[in-house]
Structure formats: C-alpha cells, structure tokens
file structure18.cif (mmCIF, C-alpha atoms)
data_model
#
loop_
_atom_site.label_atom_id
_atom_site.label_comp_id
_atom_site.auth_asym_id
_atom_site.auth_seq_id
_atom_site.Cartn_x
_atom_site.Cartn_y
_atom_site.Cartn_z
CA MET A 13 0.25 -8.64 43.84
CA ASN A 14 2.70 -9.05 40.97
CA LEU A 15 3.58 -5.47 40.02
CA THR A 16 5.05 -6.48 36.65
CA SER A 17 1.89 -8.33 35.65
CA SER A 18 -0.29 -5.44 36.85
CA PHE A 19 1.75 -2.92 34.86
CA THR A 20 1.63 -5.09 31.74
CA GLY A 21 -2.12 -5.42 32.14
CA LEU A 22 -2.47 -1.65 32.32
CA LEU A 23 -0.46 -1.22 29.12
CA VAL A 24 -2.60 -3.76 27.29
CA ALA A 25 -5.79 -2.11 28.53
CA ALA A 26 -4.53 1.32 27.51
CA ALA A 27 -3.61 0.09 24.04
CA ALA A 28 -7.03 -1.51 23.64
CA PHE A 29 -8.70 1.72 24.74
CA MET A 30 -6.70 3.79 22.26
CA GLN A 31 -7.52 1.36 19.46
CA ALA A 32 -11.21 1.49 20.34
CA GLN A 33 -11.08 5.29 20.28
CA ALA A 34 -9.34 5.46 16.87
CA PRO A 35 -11.40 7.65 14.52
CA THR A 36 -13.22 5.97 11.65
CA GLU A 37 -13.71 9.10 9.57
CA PHE A 38 -11.90 12.35 8.81
CA GLU A 39 -12.63 15.35 10.99
CA VAL A 40 -12.84 17.57 7.90
CA ALA A 41 -12.46 16.69 4.22
CA SER A 42 -12.88 18.21 0.79
CA VAL A 43 -13.05 16.50 -2.60
CA LYS A 44 -12.83 18.56 -5.78
CA PRO A 45 -12.43 17.71 -9.48
CA ASN A 46 -8.95 18.58 -10.74
CA LEU A 47 -9.29 20.32 -14.10
CA ALA A 48 -5.66 21.43 -14.40
CA ASP A 49 -4.02 20.74 -17.75
CA ASP A 50 -0.98 19.05 -16.25
CA ARG A 51 0.21 15.64 -15.11
CA LEU A 52 0.95 16.62 -11.54
CA VAL A 53 0.19 13.80 -9.11
CA THR A 54 1.27 14.25 -5.50
CA ILE A 55 0.33 12.88 -2.11
CA ARG A 56 1.15 13.85 1.46
CA VAL A 57 0.34 11.80 4.53
CA GLY A 58 1.88 13.12 7.64
CA PRO A 59 1.99 14.95 10.95
CA GLY A 60 -1.18 16.41 12.35
CA GLY A 61 -3.39 13.81 10.71
CA VAL A 62 -3.08 15.44 7.28
CA PHE A 63 -3.94 13.65 4.05
CA ILE A 64 -3.59 15.58 0.78
CA ALA A 65 -3.81 13.98 -2.67
CA THR A 66 -3.54 16.11 -5.80
CA GLY A 67 -4.43 14.92 -9.28
CA TYR A 68 -5.46 11.46 -8.11
CA THR A 69 -7.86 9.26 -10.03
CA LEU A 70 -10.48 7.30 -8.13
CA VAL A 71 -8.56 4.06 -8.78
CA LEU A 72 -5.41 5.60 -7.27
CA LEU A 73 -7.42 6.64 -4.22
CA MET A 74 -8.86 3.13 -3.96
CA GLN A 75 -5.35 1.69 -4.05
CA ARG A 76 -4.46 3.78 -1.02
CA ALA A 77 -7.72 3.09 0.80
CA TYR A 78 -7.65 -0.68 0.35
CA GLY A 79 -3.93 -1.44 0.08
CA VAL A 80 -4.15 -2.82 -3.47
CA MET A 81 -2.64 -2.19 -6.90
CA ASP A 82 -4.27 -1.08 -10.15
CA TRP A 83 -4.66 -4.67 -11.33
CA ASN A 84 -6.70 -5.46 -8.21
CA VAL A 85 -9.46 -3.02 -9.24
CA SER A 86 -12.08 -4.20 -11.73
CA GLY A 87 -15.19 -2.71 -13.29
CA GLY A 88 -16.57 0.80 -13.25
CA PRO A 89 -16.81 3.39 -16.05
CA GLY A 90 -13.70 4.59 -17.85
CA TRP A 91 -13.48 7.87 -15.92
CA VAL A 92 -12.45 6.09 -12.69
CA ARG A 93 -8.98 5.74 -14.27
CA THR A 94 -8.81 9.04 -16.15
CA ASP A 95 -10.65 11.82 -14.28
CA ARG A 96 -8.54 13.41 -11.58
CA PHE A 97 -9.49 14.76 -8.16
CA ASP A 98 -7.94 16.71 -5.31
CA VAL A 99 -8.57 15.47 -1.79
CA ALA A 100 -7.63 17.42 1.35
CA ALA A 101 -8.52 15.94 4.71
CA LYS A 102 -7.54 16.03 8.35
CA ALA A 103 -7.99 13.31 10.93
CA ASN A 104 -8.20 13.76 14.68
CA VAL A 105 -5.15 11.64 15.54
CA ARG A 106 -2.02 12.17 17.56
CA GLY A 107 1.25 12.30 15.69
CA ASP A 108 1.57 10.95 12.18
CA LEU A 109 -1.37 9.54 10.26
CA THR A 110 -0.47 5.86 9.77
CA GLU A 111 -1.60 3.70 6.87
CA ALA A 112 -3.60 1.52 9.27
CA ALA A 113 -5.51 4.58 10.50
CA LEU A 114 -5.83 6.17 7.06
CA GLN A 115 -7.34 3.28 5.14
CA PRO A 116 -10.76 2.96 6.83
CA MET A 117 -11.22 6.73 6.87
CA LEU A 118 -10.36 7.08 3.18
CA ALA A 119 -12.57 4.12 2.26
CA LYS A 120 -15.49 5.76 4.06
CA LEU A 121 -14.82 9.07 2.34
CA LEU A 122 -14.86 7.41 -1.09
CA ALA A 123 -18.13 5.67 -0.25
CA GLU A 124 -19.70 8.97 0.78
CA ARG A 125 -18.42 11.34 -1.91
CA PHE A 126 -18.30 8.93 -4.87
CA LYS A 127 -21.24 6.74 -3.76
CA LEU A 128 -18.79 3.88 -4.21
CA THR A 129 -19.98 0.36 -3.55
CA LEU A 130 -17.98 -2.75 -4.37
CA HIS A 131 -17.54 -6.41 -3.63
CA ARG A 132 -14.49 -8.66 -3.36
CA SER A 133 -13.65 -11.46 -5.75
CA SER A 134 -10.55 -13.19 -7.11
CA THR A 135 -9.14 -14.48 -10.37
CA GLN A 136 -6.28 -16.59 -11.66
CA THR A 137 -3.69 -14.84 -13.84
CA SER A 138 -0.08 -15.07 -14.93
CA GLY A 139 2.27 -13.42 -12.50
CA TYR A 140 4.91 -14.12 -9.89
CA ALA A 141 4.81 -15.74 -6.47
CA LEU A 142 7.05 -14.45 -3.68
CA GLU A 143 8.39 -17.49 -1.82
CA VAL A 144 11.04 -18.29 0.79
CA ALA A 145 14.27 -19.39 -0.88
CA LYS A 146 16.27 -22.46 0.05
CA GLY A 147 18.21 -21.68 3.22
CA GLY A 148 15.43 -19.56 4.72
CA PRO A 149 14.64 -15.84 4.86
CA LYS A 150 17.24 -13.20 5.72
CA LEU A 151 14.77 -10.65 7.03
CA LYS A 152 14.98 -8.41 10.08
CA PRO A 153 11.83 -8.40 12.24
CA SER A 154 10.62 -4.85 12.71
CA ALA A 155 10.86 -3.26 16.13
CA ASP A 156 9.80 0.25 15.15
CA ALA A 157 6.86 2.17 16.53
CA GLU A 158 3.48 2.12 14.83
CA GLU A 159 4.04 5.45 13.05
CA HIS A 160 6.82 3.87 10.98
CA GLN A 161 4.80 0.90 9.80
CA ASP A 162 4.34 0.57 6.04
CA THR A 163 7.16 3.04 5.38
CA PHE A 164 8.37 2.16 1.91
CA ARG A 165 11.08 3.86 -0.16
CA LEU A 166 11.85 3.30 -3.80
CA ALA A 167 15.24 3.97 -5.38
CA ARG A 168 16.33 3.66 -8.98
CA PHE A 169 18.16 0.44 -8.25
CA GLY A 170 16.56 -0.89 -5.11
CA LEU A 171 14.02 -0.45 -2.37
CA SER A 172 13.77 -0.38 1.41
CA GLY A 173 11.05 -0.42 4.03
CA GLN A 174 10.14 -0.44 7.70
CA GLY A 175 7.31 -2.34 9.34
CA ILE A 176 6.29 -4.11 6.12
CA SER A 177 4.18 -7.25 5.97
CA MET A 178 5.02 -9.81 3.29
CA ARG A 179 1.69 -9.11 1.60
CA ASN A 180 2.58 -5.45 1.25
CA PHE A 181 6.18 -6.28 0.33
CA ALA A 182 4.90 -8.31 -2.63
CA ARG A 183 2.51 -5.51 -3.57
CA PHE A 184 5.19 -2.80 -3.44
CA LEU A 185 7.68 -4.99 -5.30
CA GLY A 186 5.18 -5.63 -8.09
CA GLY A 187 4.46 -1.93 -8.37
CA LYS A 188 8.16 -1.12 -8.56
CA LEU A 189 8.86 -3.71 -11.25
CA GLY A 190 5.60 -3.37 -13.17
CA VAL A 191 4.52 -6.99 -12.71
CA ILE A 192 1.98 -8.85 -10.59
CA VAL A 193 3.58 -10.32 -7.46
CA VAL A 194 1.61 -12.26 -4.83
CA ASP A 195 2.89 -13.27 -1.39
CA GLU A 196 3.21 -17.03 -0.89
CA THR A 197 5.90 -16.97 1.82
CA ALA A 198 3.55 -17.79 4.74
CA LEU A 199 5.71 -15.41 6.81
CA GLN A 200 3.78 -13.50 9.47
CA GLY A 201 4.66 -10.26 11.22
CA LEU A 202 6.37 -7.07 10.07
CA TYR A 203 9.89 -6.69 8.72
CA ASP A 204 12.53 -4.06 7.94
CA PHE A 205 14.59 -4.54 4.81
CA LYS A 206 16.90 -2.94 2.27
CA VAL A 207 17.83 -4.47 -1.07
CA ASP A 208 19.96 -3.07 -3.90
CA TRP A 209 20.64 -4.33 -7.40
CA ARG A 210 22.65 -3.37 -10.46
CA ILE A 211 21.72 -4.02 -14.07
CA ASP A 212 24.42 -5.31 -16.39
CA PRO A 213 25.16 -2.34 -18.75
CA ALA A 214 25.49 -4.78 -21.62
CA ARG A 215 21.84 -5.80 -21.13
CA SER A 216 20.31 -2.43 -20.21
CA GLY A 217 19.40 -1.29 -23.72
CA GLY A 218 15.97 -1.55 -25.33
CA ASP A 219 12.54 -1.59 -23.73
CA SER A 220 12.67 -5.10 -22.28
CA ARG A 221 12.13 -5.44 -18.53
CA GLU A 222 14.01 -8.72 -18.42
CA PRO A 223 17.38 -7.26 -17.30
CA LEU A 224 15.63 -5.35 -14.48
CA LEU A 225 13.61 -8.37 -13.34
CA GLU A 226 16.66 -10.63 -13.45
CA ALA A 227 18.78 -8.19 -11.41
CA ALA A 228 16.02 -7.57 -8.85
CA PHE A 229 15.12 -11.23 -8.42
CA ASP A 230 18.78 -12.23 -7.99
CA ALA A 231 19.25 -9.51 -5.35
CA LEU A 232 16.14 -10.58 -3.45
CA GLN A 233 17.34 -14.16 -3.23
CA THR A 234 20.92 -13.26 -2.29
CA GLN A 235 20.21 -10.42 0.14
CA LEU A 236 16.80 -11.33 1.62
CA GLY A 237 16.47 -15.08 1.11
CA LEU A 238 13.33 -14.63 -0.99
CA LYS A 239 12.70 -15.99 -4.47
CA VAL A 240 10.25 -14.81 -7.11
CA VAL A 241 8.74 -17.61 -9.19
CA PRO A 242 6.74 -17.13 -12.43
CA LYS A 243 3.45 -19.02 -12.20
CA LYS A 244 -0.32 -18.72 -12.21
CA VAL A 245 -1.33 -16.77 -9.11
CA THR A 246 -4.59 -15.90 -7.41
CA VAL A 247 -5.21 -12.16 -7.47
CA GLU A 248 -7.69 -10.44 -5.16
CA LEU A 249 -10.17 -8.17 -6.93
CA LEU A 250 -12.18 -5.17 -5.81
CA VAL A 251 -15.12 -5.11 -8.22
CA ILE A 252 -16.89 -1.75 -8.55
CA ASP A 253 -20.67 -2.21 -8.38
CA HIS A 254 -21.71 1.44 -8.39
CA VAL A 255 -19.90 4.78 -8.51
CA GLU A 256 -20.71 8.43 -9.26
CA LYS A 257 -18.43 11.33 -10.04
CA ALA A 258 -17.76 13.47 -7.00
CA SER A 259 -18.60 17.14 -7.32
CA ALA A 260 -16.82 19.81 -5.28
CA SER A 261 -17.73 19.17 -1.66
CA GLU A 262 -16.44 20.01 1.80
CA ASN A 263 -17.37 19.36 5.40
#
call {"tool": "encode", "arguments": {"input": "structure18.cif", "output": "structure tokens"}}
result
Amino acid sequence: MNLTSSFTGLLVAAAAFMQAQAPTEFEVASVKPNLADDRLVTIRVGPGGVFIATGYTLVLLMQRAYGVMDWNVSGGPGWVRTDRFDVAAKANVRGDLTEAALQPMLAKLLAERFKLTLHRSSTQTSGYALEVAKGGPKLKPSADAEEHQDTFRLARFGLSGQGISMRNFARFLGGKLGVIVVDETALQGLYDFKVDWRIDPARSGGDSREPLLEAAFDALQTQLGLKVVPKKVTVELLVIDHVEKASASEN
C-alpha cells in the first residue's frame, strides 16, 4: 500500500466530511429595528462564530450575504435602503467565522426574518472592466488558511488583501473608488496583494474623482499588472420580489 496516497486520501475525505457538516444556519440569532438617532454603522465577524451588525440597512446586509455591492441590488420599497437594523448571531463553527461560511447562514436569516425572496438578473451599464495588462499579472497566489480568505483592508491611499478572488477584488476596488468595476481577467484562484498610490497634490482639489481614479489605476497596472478599462459592462442584479420589515425577534 502506498502510505502517501492513503494519507492524502484521508485528508481529502476529512475535508469533505467537514464541508458536509458545515452549518447552514446560525445557532442563535436576533434581529431588531435600530431606532437610535445616530449614524453609527459597525460590523464584527470573528472568533467563536460571532456575527454582529449594528445600524445596518437590509441592502447592506444583502451585500454581505450575497457578496455584492449596492448597485447589484434592485427593487424593493424605499425602506430597504433607509431603515436600520441590529443583528446579533452566533454560528456553531470552530475558529473564525469565514465569509464562505457566513454568507449562506446570513442569506437564510434574511429570508426568514424579512420574508425576503429575490431572483437574479443582469443589465448593461457604464463602468469599468478589470483586465490583465500587457506583460501579464504580478499577483501572488494565496497560500493562507481558509480563515484568512476574503480578508480585505482599505487604506486612505491603497488597499491590500489575502485570499481574494478576482471577482471580489473587482467588487472591493469598485467600492473603494465609488465606481462599478467588473472582473474580466479570466484569472482563477485566490491571491494576496498590496497596492499603494499617491495623488498629485496639484490635482487633489475639488470634488472630482478623476485624480483618485487616475492614481489608483496607474498603481494597479504598475504594481499588480492589472488594467482598468472604461466600457459597457454586464452587472449582476439581485432583484427583490418580496420583503417585509423585520420586527424584534430572537431564537
């Protein structure tokens, strides 16, 4: 018997078993309207399977549950973007609560407490496409453990991440810059990256985003081998079919 092959087979079987046993809903959860007269919006996802969101609108919660941005959510009454809620939940997981584990549990919670139903669609709109620049990508394949996947950090003049897919990279980049960015790199797998940029002080005045976009796009091409091209892009949509306001509830 080949001991190496047998050991590898055991690891694969164990991983498959753990994945099959991954919880699909929170162990306990509460959803309450937030009536505070403030603008406090916080979120904590961390050790012990804890998920706490304070002052979150339903659309913000949907962004976290489905891995989308505000512009990916369509339909629904006006309150889905204005009324705020507090969510406190705990999942029966070991270690940190990862994004991959969180999303299906949060989606199920929204369906239960907000009676949320939706369907997927798409539309063409003006935006930016993330593409591989001439000379190829300068990205580092991620070798980190699962708990570090989708770890994204924003700085005033840059961003960094661990275990990020190109789809999520484009999403995070668009959120940082305030524009729609869609992945068209065709790059698979997960990557670690860090990119920094500086805005020319002579061009930093006024409200225009052009100096920021120019600095960020130049840095992406120079440091990561990725270019951002303005064009018509296809944007995925989550269309709300039915939703109801959640009242205070716990389980």
call {"tool": "resolve_selection", "arguments": {"input": "structure18.cif", "expression": "the PyMOL selection byres ((chain A and resi 84) around 9)", "output": "PyMOL selection string"}}
result
chain A and resi 75+80-83+85-86+134+247-251
call {"tool": "closest_residue", "arguments": {"input": "structure18.cif", "among": "A:Lys239, A:Lys120, A:Arg210, A:Lys188", "to": "Ala145 in chain A", "atoms": "only C-alpha atoms"}}
result
A:Lys239
call {"tool": "closest_residue", "arguments": {"input": "structure18.cif", "among": "A:Ala198, A:Leu225, A:Ile192, A:Val207", "to": "Val245 in chain A", "atoms": "only C-alpha atoms"}}
result
A:Ile192
call {"tool": "atom_distance", "arguments": {"input": "structure18.cif", "atom1": "CA of Thr54 in chain A", "atom2": "CA of Leu130 in chain A"}}
result
25.7 Å
call {"tool": "atom_distance", "arguments": {"input": "structure18.cif", "atom1": "CA of Gly61 in chain A", "atom2": "CA of Ala100 in chain A"}}
result
10.9 Å
call {"tool": "closest_residue", "arguments": {"input": "structure18.cif", "among": "A:Arg183, A:Arg96, A:Arg76, A:Lys102", "to": "Val62 in chain A", "atoms": "only C-alpha atoms"}}
result
A:Lys102
call {"tool": "residues_near_point", "arguments": {"input": "structure18.cif", "point": "(-0.9, 13.8, -1.8)", "cutoff": "9 Å", "atoms": "all atoms listed in the file", "output": "ChimeraX atom specification"}}
result
/A:53-57,63-68,98-100
call {"tool": "closest_residue", "arguments": {"input": "structure18.cif", "among": "A:Thr234, A:Asn46, A:Thr163, A:Gln115", "to": "Tyr203 in chain A", "atoms": "only C-alpha atoms"}}
result
A:Thr163
call {"tool": "closest_atom_pairs", "arguments": {"input": "structure18.cif", "of": "range 208-249 of chain A", "to": "range 150-155 of chain A", "cutoff": "8 Å", "atoms": "only C-alpha atoms", "output": "tab-separated table"}}
result
residue	atom	partner	partner_atom	distance
A:Gln235	CA	A:Lys150	CA	6.9
A:Leu236	CA	A:Lys150	CA	4.5
A:Gly237	CA	A:Lys150	CA	5.0
A:Leu238	CA	A:Lys150	CA	7.9
call {"tool": "atom_distance", "arguments": {"input": "structure18.cif", "atom1": "CA of Gln136 in chain A", "atom2": "CA of Ile252 in chain A"}}
result
18.5 Å
call {"tool": "resolve_selection", "arguments": {"input": "structure18.cif", "expression": "the PyMOL selection byres ((chain A and resi 39) around 12)", "output": "VMD selection string"}}
result
chain A and resid 34 to 38 40 to 42 60 to 63 100 to 105 117 to 118 121 262 to 263
call {"tool": "resolve_selection", "arguments": {"input": "structure18.cif", "expression": "the PyMOL selection byres ((chain A and resi 44) around 6)", "output": "PyMOL selection string"}}
result
chain A and resi 43+45+97-98+260
call {"tool": "write_last_selection", "arguments": {"input": "structure18.cif", "atoms": "C-alpha atoms", "output": "compact mmCIF listing (two decimals), in the frame of the given file"}}
result
# COMPACT_ATOMS: atom_id res chain seq x y z
CA VAL A 43 -13.05 16.50 -2.60
CA PRO A 45 -12.43 17.71 -9.48
CA PHE A 97 -9.49 14.76 -8.16
CA ASP A 98 -7.94 16.71 -5.31
CA ALA A 260 -16.82 19.81 -5.28
call {"tool": "closest_residue", "arguments": {"input": "structure18.cif", "among": "A:Val194, A:Leu185, A:Ala112, A:Val255", "to": "Tyr140 in chain A", "atoms": "only C-alpha atoms"}}
result
A:Val194
call {"tool": "closest_residue", "arguments": {"input": "structure18.cif", "among": "A:Phe184, A:Phe229, A:Phe169, A:Phe164", "to": "Ile211 in chain A", "atoms": "all atoms listed in the file"}}
result
A:Phe169
call {"tool": "residues_around", "arguments": {"input": "structure18.cif", "residues": "Ala141 in chain A", "least_positions_apart": "5", "cutoff": "6 Å", "atoms": "all atoms listed in the file", "output": "PDB file with C-alpha atoms, in the frame of the given file"}}
result
ATOM      1  CA  VAL A 193       3.580 -10.320  -7.460  1.00  0.00           C
ATOM      2  CA  VAL A 194       1.610 -12.260  -4.830  1.00  0.00           C
ATOM      3  CA  ASP A 195       2.890 -13.270  -1.390  1.00  0.00           C
ATOM      4  CA  GLU A 196       3.210 -17.030  -0.890  1.00  0.00           C
ATOM      5  CA  VAL A 240      10.250 -14.810  -7.110  1.00  0.00           C
ATOM      6  CA  VAL A 241       8.740 -17.610  -9.190  1.00  0.00           C
TER       7      VAL A 241
END
call {"tool": "residues_near_point", "arguments": {"input": "structure18.cif", "point": "(14.7, -5.6, -3.9)", "cutoff": "6 Å", "atoms": "all atoms listed in the file", "output": "list in words"}}
result
Gly170, Leu171, Val207, Asp208, Ala228 and Leu232 of chain A
call {"tool": "residues_around", "arguments": {"input": "structure18.cif", "residues": "Glu256 in chain A", "least_positions_apart": "4", "cutoff": "8 Å", "atoms": "only C-alpha atoms", "output": "ChimeraX atom specification"}}
result
/A:126-128
call {"tool": "decode", "arguments": {"input": "structure18.cif", "residues": "range 26-107 of chain A", "atoms": "C-alpha atoms", "output": "PDB file, in the first residue's frame"}}
result
ATOM      1  CA  ALA A  26     -11.790  14.526   6.214  1.00  0.00           C
ATOM      2  CA  ALA A  27     -12.080  17.841   4.370  1.00  0.00           C
ATOM      3  CA  ALA A  28     -15.155  16.613   2.524  1.00  0.00           C
ATOM      4  CA  PHE A  29     -16.711  15.471   5.798  1.00  0.00           C
ATOM      5  CA  MET A  30     -16.067  18.836   7.450  1.00  0.00           C
ATOM      6  CA  GLN A  31     -17.542  20.667   4.475  1.00  0.00           C
ATOM      7  CA  ALA A  32     -20.620  18.444   4.552  1.00  0.00           C
ATOM      8  CA  GLN A  33     -21.034  19.160   8.267  1.00  0.00           C
ATOM      9  CA  ALA A  34     -20.727  22.953   7.864  1.00  0.00           C
ATOM     10  CA  PRO A  35     -23.782  24.636   9.415  1.00  0.00           C
ATOM     11  CA  THR A  36     -26.303  26.255   7.084  1.00  0.00           C
ATOM     12  CA  GLU A  37     -27.941  28.452   9.706  1.00  0.00           C
ATOM     13  CA  PHE A  38     -26.990  30.367  12.841  1.00  0.00           C
ATOM     14  CA  GLU A  39     -27.249  28.581  16.173  1.00  0.00           C
ATOM     15  CA  VAL A  40     -28.886  31.657  17.718  1.00  0.00           C
ATOM     16  CA  ALA A  41     -29.784  34.997  16.149  1.00  0.00           C
ATOM     17  CA  SER A  42     -31.652  38.190  16.931  1.00  0.00           C
ATOM     18  CA  VAL A  43     -32.843  40.923  14.571  1.00  0.00           C
ATOM     19  CA  LYS A  44     -34.097  44.218  15.973  1.00  0.00           C
ATOM     20  CA  PRO A  45     -35.002  47.591  14.429  1.00  0.00           C
ATOM     21  CA  ASN A  46     -32.390  50.237  15.239  1.00  0.00           C
ATOM     22  CA  LEU A  47     -34.177  53.420  16.257  1.00  0.00           C
ATOM     23  CA  ALA A  48     -31.107  55.292  17.508  1.00  0.00           C
ATOM     24  CA  ASP A  49     -30.750  58.858  16.266  1.00  0.00           C
ATOM     25  CA  ASP A  50     -27.182  58.415  15.090  1.00  0.00           C
ATOM     26  CA  ARG A  51     -25.216  57.307  12.061  1.00  0.00           C
ATOM     27  CA  LEU A  52     -23.331  54.515  13.772  1.00  0.00           C
ATOM     28  CA  VAL A  53     -22.754  51.564  11.440  1.00  0.00           C
ATOM     29  CA  THR A  54     -20.474  48.782  12.671  1.00  0.00           C
ATOM     30  CA  ILE A  55     -19.899  45.126  11.942  1.00  0.00           C
ATOM     31  CA  ARG A  56     -17.942  42.364  13.650  1.00  0.00           C
ATOM     32  CA  VAL A  57     -17.268  38.939  12.201  1.00  0.00           C
ATOM     33  CA  GLY A  58     -14.870  36.925  14.203  1.00  0.00           C
ATOM     34  CA  PRO A  59     -13.782  34.258  16.661  1.00  0.00           C
ATOM     35  CA  GLY A  60     -16.368  31.989  18.174  1.00  0.00           C
ATOM     36  CA  GLY A  61     -18.659  32.201  15.169  1.00  0.00           C
ATOM     37  CA  VAL A  62     -19.870  35.682  16.101  1.00  0.00           C
ATOM     38  CA  PHE A  63     -21.623  37.998  13.652  1.00  0.00           C
ATOM     39  CA  ILE A  64     -22.773  41.406  14.922  1.00  0.00           C
ATOM     40  CA  ALA A  65     -24.054  44.187  12.657  1.00  0.00           C
ATOM     41  CA  THR A  66     -25.246  47.473  14.138  1.00  0.00           C
ATOM     42  CA  GLY A  67     -27.205  50.088  12.230  1.00  0.00           C
ATOM     43  CA  TYR A  68     -27.256  48.071   9.009  1.00  0.00           C
ATOM     44  CA  THR A  69     -29.888  48.531   6.329  1.00  0.00           C
ATOM     45  CA  LEU A  70     -31.321  45.469   4.632  1.00  0.00           C
ATOM     46  CA  VAL A  71     -29.376  46.289   1.457  1.00  0.00           C
ATOM     47  CA  LEU A  72     -26.125  46.394   3.444  1.00  0.00           C
ATOM     48  CA  LEU A  73     -26.970  43.010   4.946  1.00  0.00           C
ATOM     49  CA  MET A  74     -27.729  41.658   1.476  1.00  0.00           C
ATOM     50  CA  GLN A  75     -24.354  42.883   0.263  1.00  0.00           C
ATOM     51  CA  ARG A  76     -22.681  40.814   2.965  1.00  0.00           C
ATOM     52  CA  ALA A  77     -24.906  37.779   2.453  1.00  0.00           C
ATOM     53  CA  TYR A  78     -24.508  37.610  -1.323  1.00  0.00           C
ATOM     54  CA  GLY A  79     -21.099  39.191  -1.892  1.00  0.00           C
ATOM     55  CA  VAL A  80     -22.432  42.102  -3.959  1.00  0.00           C
ATOM     56  CA  MET A  81     -22.409  45.900  -3.925  1.00  0.00           C
ATOM     57  CA  ASP A  82     -25.260  48.393  -3.588  1.00  0.00           C
ATOM     58  CA  TRP A  83     -25.588  48.732  -7.356  1.00  0.00           C
ATOM     59  CA  ASN A  84     -26.195  44.986  -7.633  1.00  0.00           C
ATOM     60  CA  VAL A  85     -29.439  45.228  -5.620  1.00  0.00           C
ATOM     61  CA  SER A  86     -32.614  46.279  -7.429  1.00  0.00           C
ATOM     62  CA  GLY A  87     -36.249  46.710  -6.473  1.00  0.00           C
ATOM     63  CA  GLY A  88     -37.969  46.699  -3.110  1.00  0.00           C
ATOM     64  CA  PRO A  89     -39.568  49.555  -1.147  1.00  0.00           C
ATOM     65  CA  GLY A  90     -37.541  52.594  -0.144  1.00  0.00           C
ATOM     66  CA  TRP A  91     -37.061  51.455   3.468  1.00  0.00           C
ATOM     67  CA  VAL A  92     -34.672  48.645   2.425  1.00  0.00           C
ATOM     68  CA  ARG A  93     -32.026  51.373   1.984  1.00  0.00           C
ATOM     69  CA  THR A  94     -33.010  53.668   4.848  1.00  0.00           C
ATOM     70  CA  ASP A  95     -34.368  51.700   7.827  1.00  0.00           C
ATOM     71  CA  ARG A  96     -31.633  50.329  10.042  1.00  0.00           C
ATOM     72  CA  PHE A  97     -31.413  47.080  11.983  1.00  0.00           C
ATOM     73  CA  ASP A  98     -29.189  45.410  14.552  1.00  0.00           C
ATOM     74  CA  VAL A  99     -28.294  41.768  14.002  1.00  0.00           C
ATOM     75  CA  ALA A 100     -26.515  39.608  16.583  1.00  0.00           C
ATOM     76  CA  ALA A 101     -25.891  35.975  15.752  1.00  0.00           C
ATOM     77  CA  LYS A 102     -23.643  33.069  16.618  1.00  0.00           C
ATOM     78  CA  ALA A 103     -22.736  30.117  14.441  1.00  0.00           C
ATOM     79  CA  ASN A 104     -21.596  26.708  15.611  1.00  0.00           C
ATOM     80  CA  VAL A 105     -18.191  26.786  13.893  1.00  0.00           C
ATOM     81  CA  ARG A 106     -14.628  26.259  15.004  1.00  0.00           C
ATOM     82  CA  GLY A 107     -12.340  29.251  14.959  1.00  0.00           C
TER      83      GLY A 107
END
